[in-house]
$ cat target10.cif   # mmCIF, C-alpha atoms and all ligand atoms
data_input
#
loop_
_atom_site.label_atom_id
_atom_site.label_comp_id
_atom_site.auth_asym_id
_atom_site.auth_seq_id
_atom_site.Cartn_x
_atom_site.Cartn_y
_atom_site.Cartn_z
CA MET A 1 51.85 76.04 19.52
CA PRO A 2 52.17 72.73 17.65
CA LEU A 3 51.78 72.84 13.89
CA ASP A 4 48.65 71.12 12.55
CA GLU A 5 48.98 67.97 10.41
CA ARG A 6 47.88 69.64 7.21
CA SER A 7 50.49 72.41 7.51
CA LYS A 8 53.14 69.80 8.27
CA LYS A 9 52.27 67.86 5.15
CA ILE A 10 52.40 70.95 2.91
CA ALA A 11 55.67 72.11 4.49
CA GLY A 12 57.18 68.62 4.14
CA ASP A 13 56.38 68.49 0.42
CA LEU A 14 57.88 71.95 -0.14
CA PHE A 15 61.02 71.13 1.87
CA LYS A 16 61.46 67.90 -0.09
CA ARG A 17 61.26 69.71 -3.40
CA TYR A 18 63.87 72.21 -2.21
CA TYR A 19 66.29 69.50 -1.08
CA GLU A 20 65.97 67.65 -4.42
CA LYS A 21 67.69 70.61 -6.04
CA ALA A 22 69.73 72.03 -3.17
CA GLU A 23 73.49 71.88 -3.12
CA LEU A 24 75.02 71.79 0.32
CA PRO A 25 78.77 71.81 0.12
CA ILE A 26 80.02 70.67 3.53
CA GLU A 27 83.68 70.33 4.32
CA SER A 28 84.78 67.11 6.04
CA ILE A 29 81.20 65.85 5.93
CA ASN A 30 82.12 62.29 6.99
CA GLU A 31 83.69 63.55 10.23
CA ARG A 32 80.71 65.55 11.47
CA GLU A 33 77.79 64.59 13.67
CA PHE A 34 74.33 65.47 12.33
CA GLY A 35 71.06 66.09 14.12
CA PHE A 36 67.54 66.73 12.87
CA GLY A 37 64.41 68.29 14.25
CA ASP A 38 60.69 68.28 13.73
CA PHE A 39 58.32 71.25 13.98
CA GLU A 40 58.24 70.99 17.76
CA LYS A 41 61.88 70.41 18.63
CA LYS A 42 64.92 71.74 16.76
CA ILE A 43 67.09 68.73 17.59
CA ALA A 44 64.88 65.68 18.02
CA PHE A 45 67.41 63.11 16.75
CA ARG A 46 71.21 63.26 16.74
CA HIS A 47 74.35 61.10 16.43
CA TYR A 48 73.85 60.67 12.67
CA SER A 49 76.71 60.63 10.18
CA PHE A 50 76.91 60.70 6.39
CA LYS A 51 79.74 59.50 4.25
CA ASP A 52 79.27 62.07 1.49
CA PRO A 53 77.01 64.93 0.33
CA ALA A 54 74.89 62.53 -1.75
CA ALA A 55 74.02 60.46 1.34
CA LEU A 56 73.00 63.59 3.26
CA LYS A 57 70.93 64.79 0.33
CA ARG A 58 69.11 61.45 0.17
CA TYR A 59 68.27 61.74 3.86
CA LEU A 60 66.99 65.31 3.47
CA VAL A 61 64.85 64.47 0.45
CA GLU A 62 63.38 61.35 2.09
CA ASN A 63 62.69 62.89 5.50
CA ALA A 64 62.31 66.62 4.76
CA PRO A 65 63.22 67.51 8.37
CA ALA A 66 62.01 70.85 9.77
CA PHE A 67 65.54 71.55 11.03
CA ALA A 68 68.89 70.12 9.94
CA SER A 69 71.99 70.69 12.07
CA TYR A 70 75.58 69.53 12.19
CA SER A 71 78.54 69.74 14.52
CA SER A 72 81.26 72.32 14.10
CA SER A 73 83.42 69.61 15.67
CA LEU A 74 85.03 66.85 13.67
CA TYR A 75 85.19 63.33 15.13
CA LYS A 76 86.84 60.04 14.34
CA TYR A 77 83.51 58.25 14.89
CA PRO A 78 80.81 60.94 14.51
CA ASP A 79 77.86 58.56 15.01
CA ALA A 80 79.27 56.82 18.11
CA ARG A 81 77.66 57.41 21.48
CA PRO A 82 78.00 58.50 24.18
CA MET A 83 79.90 61.64 23.11
CA GLU A 84 83.29 60.49 24.46
CA LYS A 85 83.30 57.55 22.05
CA LYS A 86 83.15 59.88 19.05
CA LEU A 87 86.82 60.82 19.64
CA TRP A 88 86.97 64.58 19.12
CA LYS A 89 89.51 65.85 16.59
CA GLY A 90 88.92 69.59 16.78
CA SER A 91 86.30 72.22 16.18
CA GLY A 92 85.55 75.45 14.38
CA LEU A 93 84.35 78.47 16.34
CA ILE A 94 80.76 79.55 15.87
CA PHE A 95 78.96 82.71 16.92
CA ASP A 96 75.20 82.65 16.88
CA LEU A 97 73.84 86.19 16.76
CA ASP A 98 70.13 86.53 17.32
CA ALA A 99 68.06 89.71 17.20
CA SER A 100 66.26 88.69 20.37
CA ASP A 101 69.51 89.13 22.32
CA LEU A 102 69.72 92.79 21.31
CA HIS A 103 66.78 93.83 23.50
CA LEU A 104 65.48 96.21 20.86
CA LYS A 105 62.63 98.58 21.53
CA CYS A 106 60.67 97.19 18.56
CA GLN A 107 60.60 93.78 20.24
CA THR A 108 58.49 95.09 23.09
CA GLU A 109 55.97 96.10 20.42
CA HIS A 110 55.95 93.00 18.19
CA GLY A 111 57.09 90.34 20.67
CA ARG A 112 60.14 88.11 20.58
CA SER A 113 58.86 85.50 18.15
CA TRP A 114 58.14 88.06 15.41
CA VAL A 115 60.94 89.75 13.52
CA CYS A 116 60.80 93.15 11.82
CA GLN A 117 63.13 94.99 9.46
CA ASN A 118 64.73 96.83 12.36
CA CYS A 119 65.52 93.50 14.07
CA LEU A 120 67.11 92.14 10.91
CA ASP A 121 69.11 95.31 10.19
CA SER A 122 70.34 95.56 13.78
CA VAL A 123 71.51 91.97 14.00
CA LYS A 124 73.29 92.26 10.64
CA ARG A 125 75.18 95.30 11.94
CA GLU A 126 76.13 93.21 14.96
CA ALA A 127 77.49 90.44 12.71
CA ILE A 128 79.52 92.94 10.70
CA LYS A 129 80.83 94.48 13.93
CA LEU A 130 81.84 91.03 15.20
CA MET A 131 83.86 90.37 12.06
CA GLU A 132 85.28 93.81 11.34
CA ASP A 133 85.88 95.11 14.87
CA PHE A 134 86.85 91.89 16.64
CA LEU A 135 87.59 88.74 14.66
CA MET A 136 89.76 90.37 12.00
CA PRO A 137 91.66 93.16 13.81
CA ASP A 138 92.01 91.64 17.29
CA PHE A 139 92.33 87.93 16.50
CA GLY A 140 93.91 88.26 13.07
CA PHE A 141 91.50 85.97 11.20
CA SER A 142 91.34 86.66 7.50
CA LYS A 143 88.09 87.02 5.58
CA ASN A 144 88.50 83.65 3.94
CA GLU A 145 88.66 81.96 7.35
CA ILE A 146 85.29 83.46 8.27
CA GLY A 147 82.01 82.21 6.85
CA ILE A 148 78.68 83.89 7.43
CA ASN A 149 75.17 82.66 6.87
CA PHE A 150 71.68 83.86 7.67
CA SER A 151 70.19 81.74 10.44
CA GLY A 152 66.91 81.35 8.58
CA ASN A 153 64.91 83.31 11.12
CA ARG A 154 66.20 86.37 12.99
CA GLY A 155 69.97 86.20 13.09
CA TYR A 156 73.28 85.29 11.59
CA HIS A 157 75.81 82.53 12.22
CA VAL A 158 79.45 83.44 11.95
CA HIS A 159 81.73 80.42 11.46
CA VAL A 160 85.48 80.69 11.98
CA ASN A 161 87.49 77.88 10.49
CA SER A 162 91.15 78.27 11.16
CA LYS A 163 94.02 75.99 12.19
CA GLU A 164 94.69 78.43 15.05
CA ILE A 165 91.45 77.68 16.87
CA PHE A 166 90.77 74.09 15.80
CA LEU A 167 92.20 72.52 18.95
CA LEU A 168 91.19 75.10 21.55
CA ASN A 169 89.40 73.65 24.56
CA SER A 170 86.14 75.00 26.02
CA GLN A 171 87.96 77.22 28.51
CA GLN A 172 89.99 78.88 25.76
CA ARG A 173 86.88 79.31 23.61
CA LYS A 174 85.15 80.92 26.56
CA SER A 175 87.91 83.49 26.92
CA ILE A 176 87.44 84.46 23.26
CA SER A 177 83.69 84.96 23.68
CA ASP A 178 84.28 86.84 26.96
CA TYR A 179 86.65 89.20 25.19
CA ILE A 180 84.13 89.84 22.43
CA ALA A 181 81.34 90.37 24.94
CA GLY A 182 83.54 92.76 26.93
CA ALA A 183 83.17 90.47 29.95
CA ASN A 184 85.71 90.25 32.77
CA ILE A 185 87.75 93.10 31.34
CA ASP A 186 89.41 95.28 33.93
CA ILE A 187 88.73 98.88 32.95
CA THR A 188 91.75 100.15 34.92
CA ARG A 189 93.96 98.50 32.29
CA PHE A 190 93.02 101.36 29.96
CA PHE A 191 92.50 103.99 32.63
CA PRO A 192 95.43 103.42 35.01
CA THR A 193 94.75 106.53 37.10
CA LEU A 194 91.03 105.80 37.49
CA GLY A 195 89.89 106.46 41.04
CA MET A 196 93.16 108.12 42.07
CA LYS A 197 92.36 111.42 43.75
CA GLY A 198 93.95 114.48 42.20
CA LYS A 199 95.35 112.54 39.22
CA ARG A 200 94.44 113.38 35.69
CA LEU A 201 92.48 110.59 33.92
CA VAL A 202 94.89 108.97 31.50
CA GLY A 203 93.09 106.79 28.94
CA PRO A 204 93.45 104.88 25.67
CA LYS A 205 94.14 106.48 22.30
CA PRO A 206 92.26 105.60 19.09
CA SER A 207 95.42 103.97 17.73
CA ASP A 208 95.71 101.55 20.68
CA PHE A 209 95.28 97.83 20.03
CA GLY A 210 92.19 95.93 21.18
CA TRP A 211 89.62 97.18 23.66
CA GLY A 212 91.48 100.41 24.53
CA GLY A 213 91.42 101.57 20.92
CA LYS A 214 87.80 100.47 20.56
CA LEU A 215 86.68 102.62 23.50
CA ALA A 216 88.61 105.63 22.24
CA ASN A 217 87.25 105.22 18.71
CA ALA A 218 83.68 104.70 19.90
CA MET A 219 83.88 107.92 21.91
CA VAL A 220 85.44 109.96 19.10
CA SER A 221 82.90 108.69 16.60
CA ALA A 222 79.97 109.35 18.96
CA LEU A 223 81.30 112.85 19.73
CA ASN A 224 81.45 113.57 16.02
CA LYS A 225 77.90 112.35 15.48
CA GLY A 226 76.35 114.30 18.36
CA VAL A 227 74.29 113.96 21.51
CA ASP A 228 72.05 111.08 20.32
CA SER A 229 75.03 109.00 19.46
CA LEU A 230 76.57 109.67 22.87
CA THR A 231 73.40 108.68 24.69
CA SER A 232 73.20 105.50 22.62
CA LEU A 233 76.54 104.61 24.24
CA GLY A 234 74.68 104.70 27.54
CA ILE A 235 75.85 108.20 28.46
CA ASP A 236 73.48 110.27 30.57
CA PRO A 237 71.87 113.03 28.40
CA LYS A 238 73.12 115.80 30.69
CA ILE A 239 76.72 114.61 30.41
CA ALA A 240 76.26 113.92 26.68
CA ARG A 241 75.28 117.56 26.14
CA LYS A 242 78.27 118.73 28.15
CA LEU A 243 80.61 116.50 26.13
CA ALA A 244 79.10 117.62 22.83
CA ALA A 245 79.44 121.30 23.79
CA SER A 246 83.19 120.96 24.14
CA LYS A 247 83.53 118.33 21.43
CA ALA A 248 86.73 119.58 19.76
CA ASP A 249 88.50 119.85 23.09
CA VAL A 250 87.33 116.40 24.25
CA ILE A 251 88.36 114.74 20.97
CA PHE A 252 91.77 116.41 21.15
CA GLY A 253 92.09 115.12 24.71
CA ILE A 254 91.25 111.53 23.72
CA THR A 255 93.66 111.49 20.79
CA THR A 256 96.43 112.52 23.18
CA GLY A 257 95.33 110.14 25.95
CA ASN A 258 93.92 112.86 28.23
CA TRP A 259 90.37 111.83 29.14
CA ASP A 260 89.77 114.55 31.70
CA LYS A 261 88.42 117.29 29.50
CA VAL A 262 84.94 116.96 31.00
CA ASN A 263 84.27 116.05 34.57
CA ILE A 264 82.27 112.81 34.66
CA PRO A 265 80.95 111.47 37.96
CA LYS A 266 81.30 107.72 38.76
CA LYS A 267 83.90 107.21 36.04
CA ALA A 268 84.44 103.48 36.51
CA GLU A 269 80.75 102.72 36.14
CA PHE A 270 80.50 105.18 33.28
CA TRP A 271 83.24 103.57 31.19
CA SER A 272 82.10 100.01 31.92
CA ASN A 273 78.72 101.06 30.67
CA VAL A 274 80.16 102.49 27.45
CA MET A 275 82.14 99.29 27.05
CA SER A 276 79.07 97.10 27.23
CA ARG A 277 77.54 99.09 24.37
CA VAL A 278 80.61 98.62 22.20
CA ALA A 279 80.77 94.87 22.91
CA ILE A 280 78.93 92.23 20.92
CA ALA A 281 75.57 91.39 22.44
CA GLN A 282 75.49 87.69 23.11
CA SER A 283 73.03 86.07 25.43
CA ASP A 284 74.16 83.81 28.23
CA SER A 285 72.71 80.82 26.48
CA ILE A 286 74.64 81.49 23.28
CA ASP A 287 77.75 82.04 25.23
CA LYS A 288 77.33 78.74 26.98
CA ASN A 289 75.98 76.63 24.19
CA VAL A 290 77.48 77.65 20.91
CA THR A 291 80.82 79.32 21.20
CA ASN A 292 82.02 77.28 24.14
CA ASP A 293 80.25 73.96 23.83
CA ILE A 294 82.19 71.98 21.28
CA HIS A 295 79.45 69.35 21.11
CA HIS A 296 76.76 71.79 20.09
CA LEU A 297 74.95 71.26 16.79
CA ILE A 298 74.17 74.25 14.60
CA ARG A 299 71.97 74.68 11.51
CA ILE A 300 73.60 73.43 8.33
CA PRO A 301 74.19 76.48 6.12
CA GLY A 302 71.80 76.35 3.19
CA THR A 303 69.10 74.28 4.90
CA ILE A 304 65.57 75.48 5.61
CA HIS A 305 64.50 76.93 8.96
CA GLY A 306 61.32 75.17 10.05
CA ASP A 307 59.87 78.24 11.75
CA THR A 308 60.00 80.45 8.64
CA GLY A 309 60.54 78.42 5.47
CA LEU A 310 63.54 80.66 4.73
CA ALA A 311 66.97 79.23 3.91
CA GLY A 312 70.01 79.58 6.14
CA LYS A 313 71.64 81.17 3.17
CA VAL A 314 75.43 81.33 2.91
CA ILE A 315 76.42 84.96 2.20
CA PRO A 316 79.58 85.87 0.31
CA HIS A 317 81.38 88.70 2.14
CA ALA A 318 80.99 91.03 -0.82
CA SER A 319 77.18 90.67 -0.78
CA LEU A 320 76.69 91.06 2.97
CA ASP A 321 75.84 94.78 2.90
CA ALA A 322 73.14 94.28 0.30
CA PHE A 323 71.83 90.97 1.71
CA ASP A 324 68.11 91.12 2.49
CA PRO A 325 66.95 87.94 4.22
CA MET A 326 63.29 88.58 3.41
CA LYS A 327 64.20 88.51 -0.26
CA ASP A 328 67.44 86.64 -0.74
CA ALA A 329 66.63 83.75 1.63
CA ILE A 330 63.24 83.01 0.07
CA VAL A 331 62.91 79.38 -0.96
CA PHE A 332 59.35 78.67 -2.17
CA ARG A 333 59.30 81.01 -5.13
CA GLN A 334 56.43 79.47 -7.08
CA GLY A 335 52.69 79.51 -6.72
CA VAL A 336 50.10 80.95 -4.38
CA MET A 337 48.41 79.55 -1.31
CA LYS A 338 45.18 80.33 0.51
CA ILE A 339 45.40 80.89 4.25
CA GLN A 340 43.33 82.00 7.21
CA THR A 341 45.34 84.42 9.36
CA ASP A 342 45.30 85.44 13.00
CA LYS A 343 46.35 88.97 13.92
CA VAL A 344 49.55 89.56 11.92
CA PRO A 345 51.76 92.68 11.86
CA ALA A 346 52.73 94.12 8.46
CA PHE A 347 55.83 92.58 6.89
CA VAL A 348 57.82 92.96 3.69
CA MET A 349 58.83 90.01 1.54
CA HIS A 350 60.44 90.16 -1.87
CA GLY A 351 60.09 93.93 -1.77
CA GLU A 352 56.33 93.85 -1.25
CA GLN A 353 54.43 94.77 1.88
CA TYR A 354 51.86 92.32 3.25
CA GLY A 355 49.42 93.02 6.03
CA PRO A 356 48.70 93.94 8.68
CA TYR A 357 46.02 91.24 8.80
CA ASP A 358 43.36 90.55 11.36
CA ASN A 359 41.63 87.17 11.03
CA GLN A 360 41.44 87.26 7.27
CA THR A 361 41.20 84.64 4.56
CA LEU A 362 43.42 85.49 1.63
CA GLU A 363 45.69 84.18 -1.07
CA LEU A 364 49.40 84.96 -0.87
CA PRO A 365 52.54 83.83 -2.69
CA VAL A 366 53.59 80.48 -1.21
CA TYR A 367 56.70 81.93 0.47
CA ALA A 368 54.66 84.60 2.33
CA ALA A 369 51.83 82.20 3.18
CA MET A 370 54.25 79.55 4.51
CA TYR A 371 56.17 82.18 6.46
CA LEU A 372 52.96 82.94 8.40
CA VAL A 373 51.92 79.27 8.67
CA LEU A 374 55.31 78.26 10.09
CA LYS A 375 55.29 81.26 12.43
CA ARG A 376 51.99 79.78 13.70
CA VAL A 377 49.96 82.88 12.84
CA ALA A 378 48.02 81.40 9.89
CA ARG A 379 46.63 78.08 8.63
CA PRO A 380 46.18 76.77 5.10
CA VAL A 381 42.54 76.59 3.90
CA ASP A 382 40.78 75.36 0.74
ZN ZN B 1 61.86 94.34 15.52
#
$ encode --input "target10.cif" --output "structure tokens" --more "lines below"
Ligand SMILES: [Zn+2]
Amino acid sequence: MPLDERSKKIAGDLFKRYYEKAELPIESINEREFGFGDFEKKIAFRHYSFKDPAALKRYLVENAPAFASYSSSLYKYPDARPMEKKLWKGSGLIFDLDASDLHLKCQTEHGRSWVCQNCLDSVKREAIKLMEDFLMPDFGFSKNEIGINFSGNRGYHVHVNSKEIFLLNSQQRKSISDYIAGANIDITRFFPTLGMKGKRLVGPKPSDFGWGGKLANAMVSALNKGVDSLTSLGIDPKIARKLAASKADVIFGITTGNWDKVNIPKKAEFWSNVMSRVAIAQSDSIDKNVTNDIHHLIRIPGTIHGDTGLAGKVIPHASLDAFDPMKDAIVFRQGVMKIQTDKVPAFVMHGEQYGPYDNQTLELPVYAAMYLVLKRVARPVD
């Protein structure tokens, strides 16, 4: 639904005021391409470049765009077009994690455009898993090569900036995202006797490197937690109960590489299924557009998301656990605003619950009112 003119004007003024004070430290700013969006289209204009942070700030204050994005690639001529004329120099690696890719049960209740606390918590866990279970142990990136920011709506962007990946081509980037998504991984690498009649199922140990160790650890941890945890790995409840009943024996088996303590039918399918639950959930579009497309533009950390009025806040690693987007990413902290709502589910902002509302006229703090206006479920009134 398009945003009405009055809402646009109010949002524009608020965005402008934010950008007057905002500091957006951007490395190699003069080598990046920039793109901007309005309230209808996230990238409506691109091929911009700025020589320094002051020039970018001037643009943001003057135009108050609904969305501001930049390239993770660096170019010799970032504003040249077509793309080939920009002369690519290299690119960071970006993972765009969005709650809507997690196919959560809550989303069938509140719809994909709304975001609840469960969505936000789940996608944060996914971001932590990406960093702690994949990027650091398997690829050897250090914490200071990884940046993380809230997307401004319902996800997180994980930026890897390292000499090691700067020159990788799209194909090589694709193999990294495939690995993380558990795609195209041959399960018989970890279970060499899989499908061989009369042979004991030899499998990975928790201490093994990479995917083998991940599968072993996921199983051990789920066994320790109980049946629910096993079924959340995609294991059939009947088998989960059988596994849990002989837990000590199964765990001992896994730690010694003997995965045959419980008889599981259709083993190949079973383990592939478990694997998909341990992998990072990335949608096809993300896979194609962000991680692998070096010409993709992504939200500039610290800028406002035009569908929420929240900031794409940069999060120091030490604060990630405690980070609460509906509090820490709030931008419009002053004043109140009168709105007319549609049907709106309950939500919590700055520690306070609002709603549920059903076609009501009410006065809310500006951040909560604008959140609803930009989500297209309320309009400002006198
Ligand atoms: Zn949800």
$ closest_residue --input "target10.cif" --among "A:Phe50, A:Val250, A:Lys199, A:Lys242" --to "Asn224 of chain A" --atoms "only C-alpha atoms"
A:Val250
$ atom_distance --input "target10.cif" --atom1 "atom CA of Val61 of chain A" --atom2 "atom CA of Gly335 of chain A"
20.6 Å
$ residues_near_ligand --input "target10.cif" --ligand "ligand ZN 1 (chain B)" --cutoff "6 Å" --atoms "all atoms listed in the file" --output "list in words"
Cys106, Gln107, Val115, Cys116, Asn118 and Cys119 of chain A
$ residues_around --input "target10.cif" --residues "segment 306-318 of chain A" --least-positions-apart "5" --cutoff "10 Å" --atoms "only C-alpha atoms" --output "PDB file with C-alpha atoms, keeping the file's coordinate frame"
ATOM      1  CA  LEU A   3      51.780  72.840  13.890  1.00  0.00           C
ATOM      2  CA  LYS A   8      53.140  69.800   8.270  1.00  0.00           C
ATOM      3  CA  ALA A  11      55.670  72.110   4.490  1.00  0.00           C
ATOM      4  CA  GLY A  12      57.180  68.620   4.140  1.00  0.00           C
ATOM      5  CA  LEU A  14      57.880  71.950  -0.140  1.00  0.00           C
ATOM      6  CA  PHE A  15      61.020  71.130   1.870  1.00  0.00           C
ATOM      7  CA  TYR A  18      63.870  72.210  -2.210  1.00  0.00           C
ATOM      8  CA  LEU A  24      75.020  71.790   0.320  1.00  0.00           C
ATOM      9  CA  GLY A  37      64.410  68.290  14.250  1.00  0.00           C
ATOM     10  CA  ASP A  38      60.690  68.280  13.730  1.00  0.00           C
ATOM     11  CA  PHE A  39      58.320  71.250  13.980  1.00  0.00           C
ATOM     12  CA  GLU A  40      58.240  70.990  17.760  1.00  0.00           C
ATOM     13  CA  LYS A  41      61.880  70.410  18.630  1.00  0.00           C
ATOM     14  CA  LYS A  42      64.920  71.740  16.760  1.00  0.00           C
ATOM     15  CA  PRO A  65      63.220  67.510   8.370  1.00  0.00           C
ATOM     16  CA  ALA A  66      62.010  70.850   9.770  1.00  0.00           C
ATOM     17  CA  PHE A  67      65.540  71.550  11.030  1.00  0.00           C
ATOM     18  CA  ALA A  68      68.890  70.120   9.940  1.00  0.00           C
ATOM     19  CA  SER A 113      58.860  85.500  18.150  1.00  0.00           C
ATOM     20  CA  ILE A 128      79.520  92.940  10.700  1.00  0.00           C
ATOM     21  CA  LYS A 143      88.090  87.020   5.580  1.00  0.00           C
ATOM     22  CA  ASN A 144      88.500  83.650   3.940  1.00  0.00           C
ATOM     23  CA  ILE A 146      85.290  83.460   8.270  1.00  0.00           C
ATOM     24  CA  GLY A 147      82.010  82.210   6.850  1.00  0.00           C
ATOM     25  CA  ILE A 148      78.680  83.890   7.430  1.00  0.00           C
ATOM     26  CA  ASN A 149      75.170  82.660   6.870  1.00  0.00           C
ATOM     27  CA  PHE A 150      71.680  83.860   7.670  1.00  0.00           C
ATOM     28  CA  SER A 151      70.190  81.740  10.440  1.00  0.00           C
ATOM     29  CA  GLY A 152      66.910  81.350   8.580  1.00  0.00           C
ATOM     30  CA  ASN A 153      64.910  83.310  11.120  1.00  0.00           C
ATOM     31  CA  ARG A 154      66.200  86.370  12.990  1.00  0.00           C
ATOM     32  CA  GLY A 155      69.970  86.200  13.090  1.00  0.00           C
ATOM     33  CA  TYR A 156      73.280  85.290  11.590  1.00  0.00           C
ATOM     34  CA  HIS A 157      75.810  82.530  12.220  1.00  0.00           C
ATOM     35  CA  ARG A 299      71.970  74.680  11.510  1.00  0.00           C
ATOM     36  CA  ILE A 300      73.600  73.430   8.330  1.00  0.00           C
ATOM     37  CA  PRO A 301      74.190  76.480   6.120  1.00  0.00           C
ATOM     38  CA  PHE A 323      71.830  90.970   1.710  1.00  0.00           C
ATOM     39  CA  PRO A 325      66.950  87.940   4.220  1.00  0.00           C
ATOM     40  CA  MET A 326      63.290  88.580   3.410  1.00  0.00           C
ATOM     41  CA  LYS A 327      64.200  88.510  -0.260  1.00  0.00           C
ATOM     42  CA  ASP A 328      67.440  86.640  -0.740  1.00  0.00           C
ATOM     43  CA  ALA A 329      66.630  83.750   1.630  1.00  0.00           C
ATOM     44  CA  ILE A 330      63.240  83.010   0.070  1.00  0.00           C
ATOM     45  CA  VAL A 331      62.910  79.380  -0.960  1.00  0.00           C
ATOM     46  CA  PHE A 332      59.350  78.670  -2.170  1.00  0.00           C
ATOM     47  CA  VAL A 366      53.590  80.480  -1.210  1.00  0.00           C
ATOM     48  CA  TYR A 367      56.700  81.930   0.470  1.00  0.00           C
ATOM     49  CA  ALA A 368      54.660  84.600   2.330  1.00  0.00           C
ATOM     50  CA  ALA A 369      51.830  82.200   3.180  1.00  0.00           C
ATOM     51  CA  MET A 370      54.250  79.550   4.510  1.00  0.00           C
ATOM     52  CA  TYR A 371      56.170  82.180   6.460  1.00  0.00           C
ATOM     53  CA  LEU A 372      52.960  82.940   8.400  1.00  0.00           C
ATOM     54  CA  VAL A 373      51.920  79.270   8.670  1.00  0.00           C
ATOM     55  CA  LEU A 374      55.310  78.260  10.090  1.00  0.00           C
ATOM     56  CA  LYS A 375      55.290  81.260  12.430  1.00  0.00           C
ATOM     57  CA  ARG A 376      51.990  79.780  13.700  1.00  0.00           C
TER      58      ARG A 376
END
$ closest_residue --input "target10.cif" --among "A:Leu87, A:Ile26, A:Ala279, A:Ala378" --to "Leu102 of chain A" --atoms "all atoms listed in the file"
A:Ala279
$ closest_atom_pairs --input "target10.cif" --of "segment 92-162 of chain A" --to "segment 204-214 of chain A" --cutoff "12 Å" --atoms "only C-alpha atoms" --output "JSON lines"
{"residue": "A:Lys129", "atom": "CA", "partner": "A:Lys214", "partner_atom": "CA", "distance": 11.3}
{"residue": "A:Glu132", "atom": "CA", "partner": "A:Lys214", "partner_atom": "CA", "distance": 11.6}
{"residue": "A:Asp133", "atom": "CA", "partner": "A:Lys214", "partner_atom": "CA", "distance": 8.0}
{"residue": "A:Phe134", "atom": "CA", "partner": "A:Gly210", "partner_atom": "CA", "distance": 8.1}
{"residue": "A:Leu135", "atom": "CA", "partner": "A:Gly210", "partner_atom": "CA", "distance": 10.7}
{"residue": "A:Met136", "atom": "CA", "partner": "A:Gly210", "partner_atom": "CA", "distance": 11.0}
{"residue": "A:Pro137", "atom": "CA", "partner": "A:Gly210", "partner_atom": "CA", "distance": 7.9}
{"residue": "A:Asp138", "atom": "CA", "partner": "A:Gly210", "partner_atom": "CA", "distance": 5.8}
{"residue": "A:Phe139", "atom": "CA", "partner": "A:Gly210", "partner_atom": "CA", "distance": 9.3}
{"residue": "A:Gly140", "atom": "CA", "partner": "A:Gly210", "partner_atom": "CA", "distance": 11.3}
$ axis_aligned_box --input "target10.cif" --around "segment 128-138 of chain A" --padding-each-side "5 Å" --output "lines of an AutoDock Vina configuration file"
center_x = 85.8
center_y = 91.9
center_z = 14.0
size_x = 22.5
size_y = 16.4
size_z = 16.6
$ residues_around --input "target10.cif" --residues "Lys86 of chain A" --least-positions-apart "3" --cutoff "12 Å" --atoms "only C-alpha atoms" --output "list in words"
Glu31, Arg32, Glu33, His47, Tyr48, Ser49, Ser71, Ser73, Leu74, Tyr75, Lys76, Tyr77, Pro78, Asp79, Ala80, Arg81, Pro82, Met83, Lys89, Gly90 and His295 of chain A
$ atom_distance --input "target10.cif" --atom1 "atom CA of Ala218 of chain A" --atom2 "atom CA of Leu233 of chain A"
8.4 Å
$ atom_distance --input "target10.cif" --atom1 "atom CA of Gly203 of chain A" --atom2 "atom CA of Asp236 of chain A"
20.0 Å
$ closest_residue --input "target10.cif" --among "A:Arg189, A:Lys16, A:Arg112, A:Arg46" --to "Thr303 of chain A" --atoms "only C-alpha atoms"
A:Lys16
$ residues_around --input "target10.cif" --residues "Arg6 of chain A" --least-positions-apart "3" --cutoff "8 Å" --atoms "all atoms listed in the file" --output "list in words"
Lys9, Ile10 and Pro380 of chain A
$ closest_residue --input "target10.cif" --among "A:Asp324, A:Asp4, A:Asp228, A:Asp358" --to "Gln117 of chain A" --atoms "all atoms listed in the file"
A:Asp324
$ closest_residue --input "target10.cif" --among "A:Asp293, A:Glu269, A:Asp342, A:Asp52" --to "Thr188 of chain A" --atoms "all atoms listed in the file"
A:Glu269
$ residues_around --input "target10.cif" --residues "Gly257 of chain A" --least-positions-apart "2" --cutoff "10 Å" --atoms "all atoms listed in the file" --output "list in words"
Phe190, Phe191, Leu201, Val202, Gly203, Pro204, Lys205, Pro206, Ala216, Ile251, Phe252, Gly253, Ile254, Thr255, Trp259 and Asp260 of chain A
$ closest_residue --input "target10.cif" --among "A:Lys338, A:Met349, A:Asn273, A:Asn30" --to "Ala183 of chain A" --atoms "all atoms listed in the file"
A:Asn273
$ build_atoms --input "target10.cif" --residues "segment 64-69 of chain A" --atoms "N, CA and C atoms" --output "CSV table (one decimal), in the frame of the given file"
chain,number,residue,atom,x,y,z
A,64,ALA,N,62.7,65.2,4.7
A,64,ALA,CA,62.3,66.6,4.8
A,64,ALA,C,62.2,67.1,6.2
A,65,PRO,N,63.3,67.1,7.0
A,65,PRO,CA,63.2,67.5,8.4
A,65,PRO,C,63.0,69.0,8.5
A,66,ALA,N,62.3,69.4,9.6
A,66,ALA,CA,62.0,70.8,9.8
A,66,ALA,C,63.3,71.6,10.1
A,67,PHE,N,64.2,70.9,10.7
A,67,PHE,CA,65.5,71.6,11.0
A,67,PHE,C,66.6,70.5,10.8
A,68,ALA,N,67.8,71.0,10.2
A,68,ALA,CA,68.9,70.1,9.9
A,68,ALA,C,70.1,70.8,10.5
A,69,SER,N,70.8,70.1,11.4
A,69,SER,CA,72.0,70.7,12.1
A,69,SER,C,73.2,69.8,12.0
